[in-house]
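For reference, data37.csv (CSV, C-alpha atoms):
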```csv
chain,number,residue,atom,x,y,z
A,314,MET,CA,0.0,0.0,0.0
A,315,ARG,CA,1.0,3.6,-0.4
A,316,ILE,CA,1.7,5.7,2.7
A,317,VAL,CA,3.2,8.9,3.8
A,318,GLU,CA,5.9,8.3,6.4
A,319,ILE,CA,8.0,10.5,8.7
A,320,THR,CA,11.6,9.8,7.6
A,321,SER,CA,13.0,11.5,10.8
A,322,PRO,CA,11.7,14.1,13.2
A,323,GLY,CA,11.8,17.5,11.7
A,324,ALA,CA,10.3,20.1,9.4
A,325,PRO,CA,7.5,19.3,6.8
A,326,GLU,CA,10.0,18.0,4.2
A,327,VAL,CA,10.7,14.9,6.3
A,328,LEU,CA,7.3,13.6,5.1
A,329,ARG,CA,7.7,11.4,2.1
A,330,PRO,CA,5.6,8.9,0.1
A,331,ALA,CA,6.6,5.3,0.6
A,332,GLN,CA,5.3,1.7,0.3
A,333,ARG,CA,4.4,-0.7,3.1
A,334,PRO,CA,2.9,-4.2,3.2
A,335,MET,CA,-0.9,-4.3,3.2
A,336,PRO,CA,-2.3,-4.4,6.7
A,337,VAL,CA,-4.7,-7.1,7.8
A,338,ALA,CA,-7.8,-6.5,9.9
A,339,GLY,CA,-7.9,-8.5,13.1
A,340,ALA,CA,-10.6,-9.3,15.6
A,341,GLY,CA,-13.0,-6.4,16.0
A,342,GLU,CA,-11.4,-4.5,13.1
A,343,LEU,CA,-12.0,-3.7,9.5
A,344,LEU,CA,-9.8,-2.6,6.6
A,345,ILE,CA,-10.7,0.6,4.8
A,346,ARG,CA,-9.7,1.4,1.2
A,347,VAL,CA,-9.0,5.1,1.9
A,348,SER,CA,-10.0,7.9,-0.4
A,349,ALA,CA,-9.2,10.8,2.0
A,350,SER,CA,-7.2,11.4,5.2
A,351,GLY,CA,-7.7,14.3,7.5
A,352,VAL,CA,-4.7,16.4,8.7
A,353,ASN,CA,-4.6,17.5,12.3
A,354,ARG,CA,-2.4,19.4,14.7
A,355,PRO,CA,-1.3,16.1,16.5
A,356,ASP,CA,0.2,15.0,13.1
A,357,VAL,CA,2.5,18.0,13.2
A,358,LEU,CA,3.5,17.3,16.8
A,359,GLN,CA,4.2,13.6,15.9
A,360,ARG,CA,6.3,14.7,12.9
A,361,THR,CA,8.4,17.0,15.0
A,362,GLY,CA,9.0,14.3,17.6
A,363,ASN,CA,6.8,15.8,20.3
A,364,TYR,CA,3.9,13.4,20.3
A,365,PRO,CA,4.9,9.8,21.0
A,366,VAL,CA,2.9,7.1,19.2
A,367,PRO,CA,0.7,5.1,21.7
A,368,PRO,CA,1.8,1.5,22.3
A,369,GLY,CA,0.5,-0.8,19.5
A,370,ALA,CA,-0.4,2.1,17.1
A,371,SER,CA,1.1,2.5,13.6
A,372,ASP,CA,4.1,4.9,13.3
A,373,VAL,CA,2.4,6.2,10.1
A,374,PRO,CA,0.8,9.6,11.0
A,375,GLY,CA,-2.9,10.3,10.5
A,376,LEU,CA,-5.8,10.0,12.9
A,377,GLU,CA,-8.9,10.1,10.6
A,378,VAL,CA,-9.8,8.5,7.2
A,379,ALA,CA,-12.8,8.0,4.9
A,380,GLY,CA,-13.3,5.4,2.3
A,381,VAL,CA,-14.9,2.0,1.6
A,382,ILE,CA,-14.8,-1.1,3.8
A,383,ASP,CA,-12.5,-3.6,2.0
A,384,SER,CA,-12.7,-6.5,4.5
A,385,GLY,CA,-13.0,-7.1,8.2
A,386,ASP,CA,-14.3,-9.1,11.2
A,387,THR,CA,-17.7,-10.4,9.8
A,388,ALA,CA,-19.3,-10.7,13.2
A,389,ALA,CA,-18.2,-7.3,14.4
A,390,LEU,CA,-19.3,-5.7,11.1
A,391,ALA,CA,-22.7,-7.3,11.4
A,392,ALA,CA,-23.1,-6.2,15.0
A,393,ALA,CA,-22.4,-2.6,14.0
A,394,GLY,CA,-24.8,-2.7,11.0
A,395,LEU,CA,-21.9,-2.5,8.5
A,396,LYS,CA,-20.7,-4.6,5.6
A,397,VAL,CA,-18.0,-4.8,3.0
A,398,GLY,CA,-18.5,-2.1,0.4
A,399,ASP,CA,-20.0,0.4,2.8
A,400,ARG,CA,-18.6,4.0,2.9
A,401,VAL,CA,-17.3,4.9,6.3
A,402,CYS,CA,-15.2,7.4,8.2
A,403,ALA,CA,-13.1,6.3,11.1
A,404,LEU,CA,-11.0,7.6,14.0
A,405,VAL,CA,-7.7,5.8,14.3
A,406,ALA,CA,-4.7,5.9,16.7
A,407,GLY,CA,-2.3,6.1,13.7
A,408,GLY,CA,-1.9,4.9,10.2
A,409,GLY,CA,-4.3,7.4,8.5
A,410,TYR,CA,-1.8,8.7,5.9
A,411,ALA,CA,-2.2,5.6,3.8
A,412,ASP,CA,-4.4,4.3,1.0
A,413,HIS,CA,-5.5,1.4,3.2
A,414,CYS,CA,-6.0,1.6,7.0
A,415,VAL,CA,-7.1,-0.8,9.7
A,416,ALA,CA,-9.6,0.6,12.2
A,417,PRO,CA,-11.6,-0.7,15.1
A,418,VAL,CA,-15.2,-1.3,14.0
A,419,GLY,CA,-16.4,0.6,17.0
A,420,GLN,CA,-14.6,3.7,15.9
A,421,CYS,CA,-16.2,3.8,12.5
A,422,LEU,CA,-19.3,5.7,11.4
A,423,PRO,CA,-21.2,5.6,8.1
A,424,VAL,CA,-20.4,8.6,5.8
A,425,PRO,CA,-23.3,11.0,6.4
A,426,LYS,CA,-25.8,11.1,3.5
A,427,GLY,CA,-24.8,13.8,1.0
A,428,LEU,CA,-21.2,14.1,2.0
A,429,SER,CA,-18.1,13.3,-0.1
A,430,ASP,CA,-15.3,11.2,1.2
A,431,VAL,CA,-13.2,14.4,1.6
A,432,GLU,CA,-15.8,15.9,3.8
A,433,ALA,CA,-16.3,12.7,5.7
A,434,ALA,CA,-12.5,12.4,6.4
A,435,SER,CA,-12.6,15.9,8.0
A,436,LEU,CA,-15.1,14.7,10.7
A,437,PRO,CA,-13.8,12.0,13.1
A,438,GLU,CA,-10.9,13.7,15.0
A,439,THR,CA,-12.6,17.0,15.6
A,440,PHE,CA,-16.1,15.6,16.2
A,441,PHE,CA,-14.9,13.0,18.6
A,442,THR,CA,-12.8,15.5,20.4
A,443,VAL,CA,-15.4,18.2,20.6
A,444,TRP,CA,-18.1,15.8,21.8
A,445,SER,CA,-15.9,14.2,24.4
A,446,ASN,CA,-14.6,17.5,25.8
A,447,VAL,CA,-17.3,20.1,25.3
A,448,PHE,CA,-20.4,17.9,26.0
A,449,ASP,CA,-19.1,15.0,28.1
A,450,ARG,CA,-16.4,16.7,30.2
A,451,GLY,CA,-17.6,20.3,29.9
A,452,ARG,CA,-21.3,19.3,30.3
A,453,LEU,CA,-22.4,22.2,28.0
A,454,GLN,CA,-26.1,22.5,28.0
A,455,ALA,CA,-28.6,24.3,25.8
A,456,GLY,CA,-28.9,28.0,26.9
A,457,GLU,CA,-25.3,28.1,28.2
A,458,THR,CA,-22.4,30.0,26.7
A,459,LEU,CA,-19.3,28.4,25.2
A,460,LEU,CA,-16.0,30.3,24.6
A,461,VAL,CA,-13.8,28.6,21.9
A,462,GLN,CA,-10.2,29.6,21.7
A,463,GLY,CA,-9.1,29.4,18.0
A,464,GLY,CA,-12.5,29.4,16.4
A,465,SER,CA,-11.2,29.1,12.8
A,466,SER,CA,-9.3,25.9,13.5
A,467,GLY,CA,-10.7,22.5,12.6
A,468,ILE,CA,-11.7,22.0,16.2
A,469,GLY,CA,-13.1,25.5,16.3
A,470,VAL,CA,-15.4,25.3,13.3
A,471,THR,CA,-16.7,22.0,14.6
A,472,ALA,CA,-17.3,23.4,18.1
A,473,ILE,CA,-19.1,26.4,16.8
A,474,GLN,CA,-21.6,24.5,14.7
A,475,MET,CA,-22.1,21.6,17.2
A,476,ALA,CA,-22.8,23.9,20.1
A,477,LYS,CA,-25.1,26.2,18.1
A,478,ALA,CA,-27.0,23.2,16.7
A,479,LEU,CA,-27.5,21.9,20.3
A,480,GLY,CA,-28.8,25.2,21.6
A,481,ALA,CA,-25.8,27.0,23.2
A,482,GLN,CA,-24.5,30.5,22.6
A,483,VAL,CA,-20.9,30.7,21.2
A,484,ILE,CA,-18.1,33.2,21.6
A,485,VAL,CA,-14.8,32.6,19.8
A,486,THR,CA,-11.4,34.1,19.5
A,487,ALA,CA,-9.4,34.2,16.3
A,488,GLY,CA,-6.3,35.9,15.0
A,489,SER,CA,-7.7,38.2,12.3
A,490,ASP,CA,-10.8,40.1,11.3
A,491,ASP,CA,-11.3,37.8,8.3
A,492,LYS,CA,-11.2,34.7,10.6
A,493,CYS,CA,-13.6,36.3,13.0
A,494,ALA,CA,-16.0,37.0,10.1
A,495,ALA,CA,-15.7,33.4,9.0
A,496,CYS,CA,-16.6,32.2,12.5
A,497,VAL,CA,-19.6,34.4,12.7
A,498,ALA,CA,-20.7,33.2,9.2
A,499,LEU,CA,-20.6,29.6,10.7
A,500,GLY,CA,-22.9,30.6,13.5
A,501,ALA,CA,-20.8,32.1,16.3
A,502,ASP,CA,-22.7,34.8,18.2
A,503,HIS,CA,-19.5,36.9,18.7
A,504,ALA,CA,-15.9,36.7,17.5
A,505,ILE,CA,-13.0,38.4,19.2
A,506,ASN,CA,-9.8,39.3,17.4
A,507,TYR,CA,-7.3,38.4,20.2
A,508,LYS,CA,-4.6,40.4,18.5
A,509,THR,CA,-6.5,43.7,18.8
A,510,HIS,CA,-8.7,43.1,21.8
A,511,ASP,CA,-8.4,41.7,25.3
A,512,PHE,CA,-10.6,38.6,25.2
A,513,VAL,CA,-11.2,38.7,29.0
A,514,ALA,CA,-12.6,42.2,28.8
A,515,GLU,CA,-14.6,41.4,25.7
A,516,VAL,CA,-16.1,38.3,27.3
A,517,LYS,CA,-17.2,40.2,30.4
A,518,ARG,CA,-18.7,42.9,28.2
A,519,LEU,CA,-20.6,40.5,26.0
A,520,THR,CA,-21.9,38.5,28.9
A,521,ASP,CA,-22.8,41.6,31.0
A,522,GLY,CA,-20.2,40.6,33.5
A,523,LYS,CA,-21.5,37.1,34.1
A,524,GLY,CA,-18.9,35.2,32.2
A,525,VAL,CA,-19.1,32.0,30.1
A,526,ASP,CA,-20.2,28.5,31.3
A,527,VAL,CA,-17.6,26.5,29.4
A,528,VAL,CA,-14.2,27.4,27.8
A,529,LEU,CA,-12.6,25.1,25.2
A,530,ASP,CA,-8.9,25.8,25.4
A,531,MET,CA,-6.2,24.7,22.9
A,532,VAL,CA,-3.5,27.0,24.3
A,533,ALA,CA,-3.0,26.5,28.0
A,534,GLY,CA,0.1,28.4,29.3
A,535,ASP,CA,-0.7,31.9,30.5
A,536,TYR,CA,-4.2,31.6,28.9
A,537,VAL,CA,-5.4,29.6,31.8
A,538,ALA,CA,-5.3,32.4,34.3
A,539,ARG,CA,-7.2,34.7,31.9
A,540,GLU,CA,-9.8,32.0,31.2
A,541,VAL,CA,-10.5,31.5,34.9
A,542,GLU,CA,-11.4,35.2,35.0
A,543,CYS,CA,-13.8,34.6,32.0
A,544,LEU,CA,-15.8,31.8,33.7
A,545,ALA,CA,-19.2,32.2,35.3
A,546,GLU,CA,-20.2,30.6,38.6
A,547,ASP,CA,-19.9,26.8,38.3
A,548,GLY,CA,-18.0,27.3,35.0
A,549,ARG,CA,-15.9,24.6,33.4
A,550,LEU,CA,-12.5,25.1,31.7
A,551,VAL,CA,-11.5,22.2,29.4
A,552,ILE,CA,-7.9,22.0,28.1
A,553,ILE,CA,-7.2,19.9,25.0
A,554,ALA,CA,-3.8,21.1,23.9
A,555,VAL,CA,-0.9,23.1,25.3
A,556,GLN,CA,0.3,25.2,22.4
A,557,GLY,CA,1.1,28.0,24.8
A,558,GLY,CA,3.0,25.8,27.3
A,559,VAL,CA,2.4,23.2,30.0
A,560,LYS,CA,2.8,25.5,33.0
A,561,SER,CA,0.0,27.8,34.2
A,562,GLY,CA,-0.6,30.1,37.2
A,563,PHE,CA,-4.1,31.2,38.1
A,564,ASN,CA,-6.2,32.8,40.9
A,565,ALA,CA,-7.2,29.8,43.0
A,566,GLY,CA,-9.4,32.1,45.0
A,567,LEU,CA,-11.7,32.5,42.0
A,568,VAL,CA,-11.8,28.8,41.6
A,569,LEU,CA,-13.0,28.4,45.1
A,570,ARG,CA,-15.5,31.3,45.2
A,571,ARG,CA,-17.1,30.5,41.8
A,572,ARG,CA,-16.9,26.7,42.2
A,573,LEU,CA,-15.0,26.3,39.0
A,574,THR,CA,-13.8,23.1,37.3
A,575,ILE,CA,-10.5,22.9,35.5
A,576,THR,CA,-10.1,19.7,33.5
A,577,GLY,CA,-8.6,18.3,30.3
A,578,SER,CA,-8.0,15.2,28.2
A,579,THR,CA,-6.2,13.6,25.3
A,580,LEU,CA,-8.2,11.3,23.0
A,581,ARG,CA,-5.5,9.3,21.1
A,582,PRO,CA,-4.4,6.9,23.9
A,583,ARG,CA,-7.9,6.2,25.2
A,584,PRO,CA,-9.2,2.6,24.8
A,585,VAL,CA,-11.4,1.5,21.9
A,586,THR,CA,-14.4,1.1,24.2
A,587,PHE,CA,-14.2,4.7,25.2
A,588,LYS,CA,-14.0,5.9,21.6
A,589,ALA,CA,-16.8,3.6,20.5
A,590,ALA,CA,-19.1,5.1,23.1
A,591,ILE,CA,-18.4,8.5,21.7
A,592,ALA,CA,-19.1,7.2,18.2
A,593,ASN,CA,-22.5,5.9,19.3
A,594,ARG,CA,-23.4,9.3,20.8
A,595,LEU,CA,-22.3,11.1,17.6
A,596,ARG,CA,-24.3,8.8,15.5
A,597,GLN,CA,-27.4,9.4,17.7
A,598,HIS,CA,-27.1,13.1,18.3
A,599,VAL,CA,-24.9,14.7,15.7
A,600,TRP,CA,-25.0,12.6,12.5
A,601,PRO,CA,-28.8,13.5,11.9
A,602,LEU,CA,-27.8,17.2,12.2
A,603,ILE,CA,-25.1,16.8,9.5
A,604,GLU,CA,-27.5,15.0,7.2
A,605,ALA,CA,-30.1,17.8,7.8
A,606,GLY,CA,-27.5,20.4,6.8
A,607,GLN,CA,-27.5,22.0,10.2
A,608,ILE,CA,-23.8,21.2,10.6
A,609,LYS,CA,-21.5,21.3,7.6
A,610,PRO,CA,-17.8,20.2,7.1
A,611,VAL,CA,-15.5,23.2,6.4
A,612,ILE,CA,-12.7,22.2,4.0
A,613,HIS,CA,-10.0,24.7,3.5
A,614,SER,CA,-7.7,22.8,1.1
A,615,THR,CA,-6.9,19.3,-0.2
A,616,PHE,CA,-3.5,17.9,-1.2
A,617,ASP,CA,-2.6,14.8,-3.3
A,618,ALA,CA,-1.1,12.4,-0.7
A,619,ALA,CA,0.8,10.5,-3.4
A,620,ALA,CA,2.6,13.6,-4.7
A,621,LEU,CA,6.2,14.0,-3.6
A,622,ASP,CA,5.4,17.2,-1.6
A,623,GLY,CA,1.7,16.7,-1.0
A,624,ALA,CA,1.8,16.0,2.7
A,625,GLU,CA,4.7,18.4,3.1
A,626,GLN,CA,2.6,21.3,1.7
A,627,ALA,CA,-0.4,20.3,3.9
A,628,HIS,CA,1.7,20.5,7.0
A,629,ARG,CA,3.2,23.8,5.9
A,630,LEU,CA,-0.3,25.2,5.6
A,631,MET,CA,-1.2,23.8,9.0
A,632,GLU,CA,1.8,25.4,10.6
A,633,SER,CA,1.1,28.8,8.9
A,634,ASN,CA,-2.3,29.0,10.8
A,635,GLN,CA,-3.7,30.7,7.6
A,636,HIS,CA,-6.4,28.1,7.1
A,637,ILE,CA,-10.0,28.2,8.2
A,638,GLY,CA,-11.4,24.7,8.7
A,639,LYS,CA,-9.8,21.4,7.7
A,640,ILE,CA,-6.9,20.3,5.6
A,641,VAL,CA,-7.3,16.9,3.8
A,642,LEU,CA,-5.1,14.5,1.9
A,643,THR,CA,-6.6,12.7,-1.1
A,644,TRP,CA,-5.7,9.2,-2.5
A,645,SER,CA,-6.4,8.6,-6.1
A,646,LEU,CA,-7.1,5.0,-7.2
A,647,SER,CA,-4.0,3.1,-8.3
```

Take the structure I supplied and represent it as structure tokens, if you would.
Amino acid sequence: MRIVEITSPGAPEVLRPAQRPMPVAGAGELLIRVSASGVNRPDVLQRTGNYPVPPGASDVPGLEVAGVIDSGDTAALAAAGLKVGDRVCALVAGGGYADHCVAPVGQCLPVPKGLSDVEAASLPETFFTVWSNVFDRGRLQAGETLLVQGGSSGIGVTAIQMAKALGAQVIVTAGSDDKCAACVALGADHAINYKTHDFVAEVKRLTDGKGVDVVLDMVAGDYVAREVECLAEDGRLVIIAVQGGVKSGFNAGLVLRRRLTITGSTLRPRPVTFKAAIANRLRQHVWPLIEAGQIKPVIHSTFDAAALDGAEQAHRLMESNQHIGKIVLTWSLS
């Protein structure tokens, strides 16, 4: 099979097309003939040597794919209502940058009606992450207010649409006026340009001093102290990445007085049973919203995975932070 491999830790040019033996699906697994592979920030961290591969996972990068079921565990497929030839998208712990990928059956979902494989490949990583952190850990409810840091990212555009579709108010931050406008067009109630405005002061102004109920944070570092100031009573701060650093200082008195919760998680190393439970909730609560057009994939760019510099260019774009929405690699038939 064709893959994109990391030849050594480093800059985007260390990504190169290569060949590997065809994988075989084991018990509880299926093999997908991949049409499209999503590109995510953890792929960049893995490429630079800053995100170790979980035990047992492929060293090939890539956490989400879409395509057609080629083979698999017959009993597991039947129990999931799937069969060979069905179009699916899947969350995987690695191996997504390949034209064939093994995935646990429980981490697969049917491609929503009306979506292309490119659109479907943009769903799993961000949708699993947002559901797990905003709705499970963050307990966001209809009528509450969510603050999303980095609203124009793949996670951000997913969080905006999912929260709005499920009845919440959404405030986002973004790094330019154009990105802020794009977030509002996707449904955000307010967008704050963090380069020109103090997001703490703006959140307090927009909420009449009350603050927000949930913060989805991909920065950490010195953002944590400022986010604690943004939270309403009984508010929840959920940290899912540490782009701003792993060390944070904050006003613990505010945590006590406002009964705040500070939590966080990583998805990649969690067991299949945990991810399968998220898949079931997405299929029940979110997939109908996608099929009804209330939530739409946002694709910024696609790149040919088999081209010598296809994945390299995709990662350069990811690192530039100039994109709005998702970046996807495509695999032509060979």

Write out as a PyMOL selection string which residues come within 10 Å of Leu343 in chain A when counting all atoms listed in the file, dropping same-chain ones fewer than 6 positions away. chain A and resi 337+382-387+389-390+396-397+414-419+421

In terms of the shortest atom-to-atom distance over only C-alpha atoms, which of A:Arg333, A:Ala433, A:Leu453, A:Val357 is closest to Glu625 in chain A?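 Ranked by minimum distance to Glu625 in chain A, first place goes to A:Val357.
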
For a test of reading the model, state the distance in Å between CA of Pro423 in chain A and CA of Val599 in chain A, rounded to one decimal.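 The value is 12.4 Å.
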
Please list as a PyMOL selection string every residue within 7 Å of range 463-480 of chain A, counting only C-alpha atoms and excluding residues in the same chain fewer than 5 positions away. chain A and resi 439-440+443+455-456+485-487+492+496+499-501+607-608+637-639

For Glu542 in chain A: contacts at 12 Å, only C-alpha atoms, fewer than 2 positions along chain excluded, given as a PDB file with C-alpha atoms, in the frame of the given file:
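And here is the file that came out, out-v3.pdb:
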```
ATOM      1  CA  PHE A 512     -10.600  38.600  25.200  1.00  0.00           C
ATOM      2  CA  VAL A 513     -11.200  38.700  29.000  1.00  0.00           C
ATOM      3  CA  ALA A 514     -12.600  42.200  28.800  1.00  0.00           C
ATOM      4  CA  GLU A 515     -14.600  41.400  25.700  1.00  0.00           C
ATOM      5  CA  VAL A 516     -16.100  38.300  27.300  1.00  0.00           C
ATOM      6  CA  LYS A 517     -17.200  40.200  30.400  1.00  0.00           C
ATOM      7  CA  GLY A 522     -20.200  40.600  33.500  1.00  0.00           C
ATOM      8  CA  LYS A 523     -21.500  37.100  34.100  1.00  0.00           C
ATOM      9  CA  GLY A 524     -18.900  35.200  32.200  1.00  0.00           C
ATOM     10  CA  VAL A 525     -19.100  32.000  30.100  1.00  0.00           C
ATOM     11  CA  ASP A 526     -20.200  28.500  31.300  1.00  0.00           C
ATOM     12  CA  VAL A 528     -14.200  27.400  27.800  1.00  0.00           C
ATOM     13  CA  TYR A 536      -4.200  31.600  28.900  1.00  0.00           C
ATOM     14  CA  VAL A 537      -5.400  29.600  31.800  1.00  0.00           C
ATOM     15  CA  ALA A 538      -5.300  32.400  34.300  1.00  0.00           C
ATOM     16  CA  ARG A 539      -7.200  34.700  31.900  1.00  0.00           C
ATOM     17  CA  GLU A 540      -9.800  32.000  31.200  1.00  0.00           C
ATOM     18  CA  LEU A 544     -15.800  31.800  33.700  1.00  0.00           C
ATOM     19  CA  ALA A 545     -19.200  32.200  35.300  1.00  0.00           C
ATOM     20  CA  GLU A 546     -20.200  30.600  38.600  1.00  0.00           C
ATOM     21  CA  GLY A 548     -18.000  27.300  35.000  1.00  0.00           C
ATOM     22  CA  ARG A 549     -15.900  24.600  33.400  1.00  0.00           C
ATOM     23  CA  LEU A 550     -12.500  25.100  31.700  1.00  0.00           C
ATOM     24  CA  PHE A 563      -4.100  31.200  38.100  1.00  0.00           C
ATOM     25  CA  ASN A 564      -6.200  32.800  40.900  1.00  0.00           C
ATOM     26  CA  ALA A 565      -7.200  29.800  43.000  1.00  0.00           C
ATOM     27  CA  GLY A 566      -9.400  32.100  45.000  1.00  0.00           C
ATOM     28  CA  LEU A 567     -11.700  32.500  42.000  1.00  0.00           C
ATOM     29  CA  VAL A 568     -11.800  28.800  41.600  1.00  0.00           C
ATOM     30  CA  ARG A 570     -15.500  31.300  45.200  1.00  0.00           C
ATOM     31  CA  ARG A 571     -17.100  30.500  41.800  1.00  0.00           C
ATOM     32  CA  LEU A 573     -15.000  26.300  39.000  1.00  0.00           C
TER      33      LEU A 573
END
```

How close does range 572-608 of chain A get to range 363-368 of chain A? List, as a tab-separated table, each residue of range 572-608 of chain A within 10 Å, its nearest atom pair and the distance in Å to one decimal, counting only C-alpha atoms.
```
residue	atom	partner	partner_atom	distance
A:Arg581	CA	A:Pro367	CA	7.5
A:Pro582	CA	A:Pro367	CA	5.8
A:Arg583	CA	A:Pro367	CA	9.3
```

Choose the residue, out of A:Val585, A:Thr442, A:Met335, A:Asn634, that has the smallest atom-to-atom separation from Ser489 in chain A; count only C-alpha atoms.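 Smallest distance to Ser489 in chain A is found for A:Asn634.
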
Among listed residues A:Ala592, A:Ile603, A:Val461, A:Val527, nearest Tyr507 in chain A (using only C-alpha atoms):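 Ranked by minimum distance to Tyr507 in chain A, first place goes to A:Val461.
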
Can you pull out every residue within 7 Å of range 609-616 of chain A, counting only C-alpha atoms, but drop anything in the same chain fewer than 3 positions away, and send it as a PDB file with C-alpha atoms, in the frame of the given file?
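Result went into part.pdb, see below:
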```pdb
ATOM      1  CA  GLU A 432     -15.800  15.900   3.800  1.00  0.00           C
ATOM      2  CA  SER A 435     -12.600  15.900   8.000  1.00  0.00           C
ATOM      3  CA  ILE A 603     -25.100  16.800   9.500  1.00  0.00           C
ATOM      4  CA  GLY A 606     -27.500  20.400   6.800  1.00  0.00           C
ATOM      5  CA  GLY A 623       1.700  16.700  -1.000  1.00  0.00           C
ATOM      6  CA  ALA A 624       1.800  16.000   2.700  1.00  0.00           C
ATOM      7  CA  ALA A 627      -0.400  20.300   3.900  1.00  0.00           C
ATOM      8  CA  HIS A 636      -6.400  28.100   7.100  1.00  0.00           C
ATOM      9  CA  ILE A 637     -10.000  28.200   8.200  1.00  0.00           C
ATOM     10  CA  GLY A 638     -11.400  24.700   8.700  1.00  0.00           C
ATOM     11  CA  LYS A 639      -9.800  21.400   7.700  1.00  0.00           C
ATOM     12  CA  ILE A 640      -6.900  20.300   5.600  1.00  0.00           C
ATOM     13  CA  VAL A 641      -7.300  16.900   3.800  1.00  0.00           C
ATOM     14  CA  LEU A 642      -5.100  14.500   1.900  1.00  0.00           C
ATOM     15  CA  THR A 643      -6.600  12.700  -1.100  1.00  0.00           C
TER      16      THR A 643
END
```

Determine, counting all atoms listed in the file, which protein, DNA and RNA residues have an atom within 8 Å of an atom of Ala619 in chain A; residues of the same chain fewer than 3 positions away are not included. Present the result as a ChimeraX atom specification. /A:315-317,330,623,644-645

CA of Ala590 in chain A to CA of Val532 in chain A, distance in Å rounded to a single decimal: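 Between these atoms lies a distance of 26.9 Å.
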
Would you mind reading off the distance between CA of Val347 in chain A and CA of Gly409 in chain A, one decimal, in Å?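 These atoms are spaced 8.4 Å apart.
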
Which is closer to Gly323 in chain A than all the others in A:Gly398, A:His628, A:Ala504, A:Gly369, using only C-alpha atoms?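 Checking each candidate against Gly323 in chain A, we get A:His628 as the closest.
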
Min atom-atom distance to Gly339 in chain A from the set A:Asp530, A:Cys543, A:Leu395, A:Ala388, counting only C-alpha atoms, belongs to A:Ala388

For range 615-630 of chain A, supply N, CA and C atoms and report the output as a PDB file, in the coordinates of the input.
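Below is the file that was written, rebuild.pdb:
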```
ATOM      1  N   THR A 615      -7.282  20.728  -0.069  1.00  0.00           N
ATOM      2  CA  THR A 615      -6.900  19.300  -0.200  1.00  0.00           C
ATOM      3  C   THR A 615      -5.580  19.232  -0.931  1.00  0.00           C
ATOM      4  N   PHE A 616      -4.846  18.165  -0.623  1.00  0.00           N
ATOM      5  CA  PHE A 616      -3.500  17.900  -1.200  1.00  0.00           C
ATOM      6  C   PHE A 616      -3.450  16.466  -1.653  1.00  0.00           C
ATOM      7  N   ASP A 617      -2.743  16.203  -2.750  1.00  0.00           N
ATOM      8  CA  ASP A 617      -2.600  14.800  -3.300  1.00  0.00           C
ATOM      9  C   ASP A 617      -1.531  14.132  -2.380  1.00  0.00           C
ATOM     10  N   ALA A 618      -1.993  13.113  -1.641  1.00  0.00           N
ATOM     11  CA  ALA A 618      -1.100  12.400  -0.700  1.00  0.00           C
ATOM     12  C   ALA A 618       0.033  11.697  -1.426  1.00  0.00           C
ATOM     13  N   ALA A 619      -0.180  11.272  -2.683  1.00  0.00           N
ATOM     14  CA  ALA A 619       0.800  10.500  -3.400  1.00  0.00           C
ATOM     15  C   ALA A 619       1.892  11.396  -4.049  1.00  0.00           C
ATOM     16  N   ALA A 620       1.620  12.710  -4.120  1.00  0.00           N
ATOM     17  CA  ALA A 620       2.600  13.600  -4.700  1.00  0.00           C
ATOM     18  C   ALA A 620       3.820  13.720  -3.766  1.00  0.00           C
ATOM     19  N   LEU A 621       4.982  13.976  -4.330  1.00  0.00           N
ATOM     20  CA  LEU A 621       6.200  14.000  -3.600  1.00  0.00           C
ATOM     21  C   LEU A 621       6.127  14.975  -2.385  1.00  0.00           C
ATOM     22  N   ASP A 622       5.489  16.140  -2.607  1.00  0.00           N
ATOM     23  CA  ASP A 622       5.400  17.200  -1.600  1.00  0.00           C
ATOM     24  C   ASP A 622       3.995  17.428  -1.089  1.00  0.00           C
ATOM     25  N   GLY A 623       3.065  16.496  -1.359  1.00  0.00           N
ATOM     26  CA  GLY A 623       1.700  16.700  -1.000  1.00  0.00           C
ATOM     27  C   GLY A 623       1.465  16.901   0.494  1.00  0.00           C
ATOM     28  N   ALA A 624       1.927  15.927   1.272  1.00  0.00           N
ATOM     29  CA  ALA A 624       1.800  16.000   2.700  1.00  0.00           C
ATOM     30  C   ALA A 624       2.642  17.136   3.292  1.00  0.00           C
ATOM     31  N   GLU A 625       3.804  17.346   2.695  1.00  0.00           N
ATOM     32  CA  GLU A 625       4.700  18.400   3.100  1.00  0.00           C
ATOM     33  C   GLU A 625       3.930  19.782   3.027  1.00  0.00           C
ATOM     34  N   GLN A 626       3.274  20.025   1.891  1.00  0.00           N
ATOM     35  CA  GLN A 626       2.600  21.300   1.700  1.00  0.00           C
ATOM     36  C   GLN A 626       1.363  21.381   2.661  1.00  0.00           C
ATOM     37  N   ALA A 627       0.713  20.267   2.924  1.00  0.00           N
ATOM     38  CA  ALA A 627      -0.400  20.300   3.900  1.00  0.00           C
ATOM     39  C   ALA A 627       0.071  20.674   5.261  1.00  0.00           C
ATOM     40  N   HIS A 628       1.217  20.157   5.681  1.00  0.00           N
ATOM     41  CA  HIS A 628       1.700  20.500   7.000  1.00  0.00           C
ATOM     42  C   HIS A 628       2.239  21.945   7.052  1.00  0.00           C
ATOM     43  N   ARG A 629       2.807  22.423   5.961  1.00  0.00           N
ATOM     44  CA  ARG A 629       3.200  23.800   5.900  1.00  0.00           C
ATOM     45  C   ARG A 629       2.020  24.748   6.124  1.00  0.00           C
ATOM     46  N   LEU A 630       0.933  24.413   5.462  1.00  0.00           N
ATOM     47  CA  LEU A 630      -0.300  25.200   5.600  1.00  0.00           C
ATOM     48  C   LEU A 630      -0.794  25.130   7.058  1.00  0.00           C
TER      49      LEU A 630
END
```
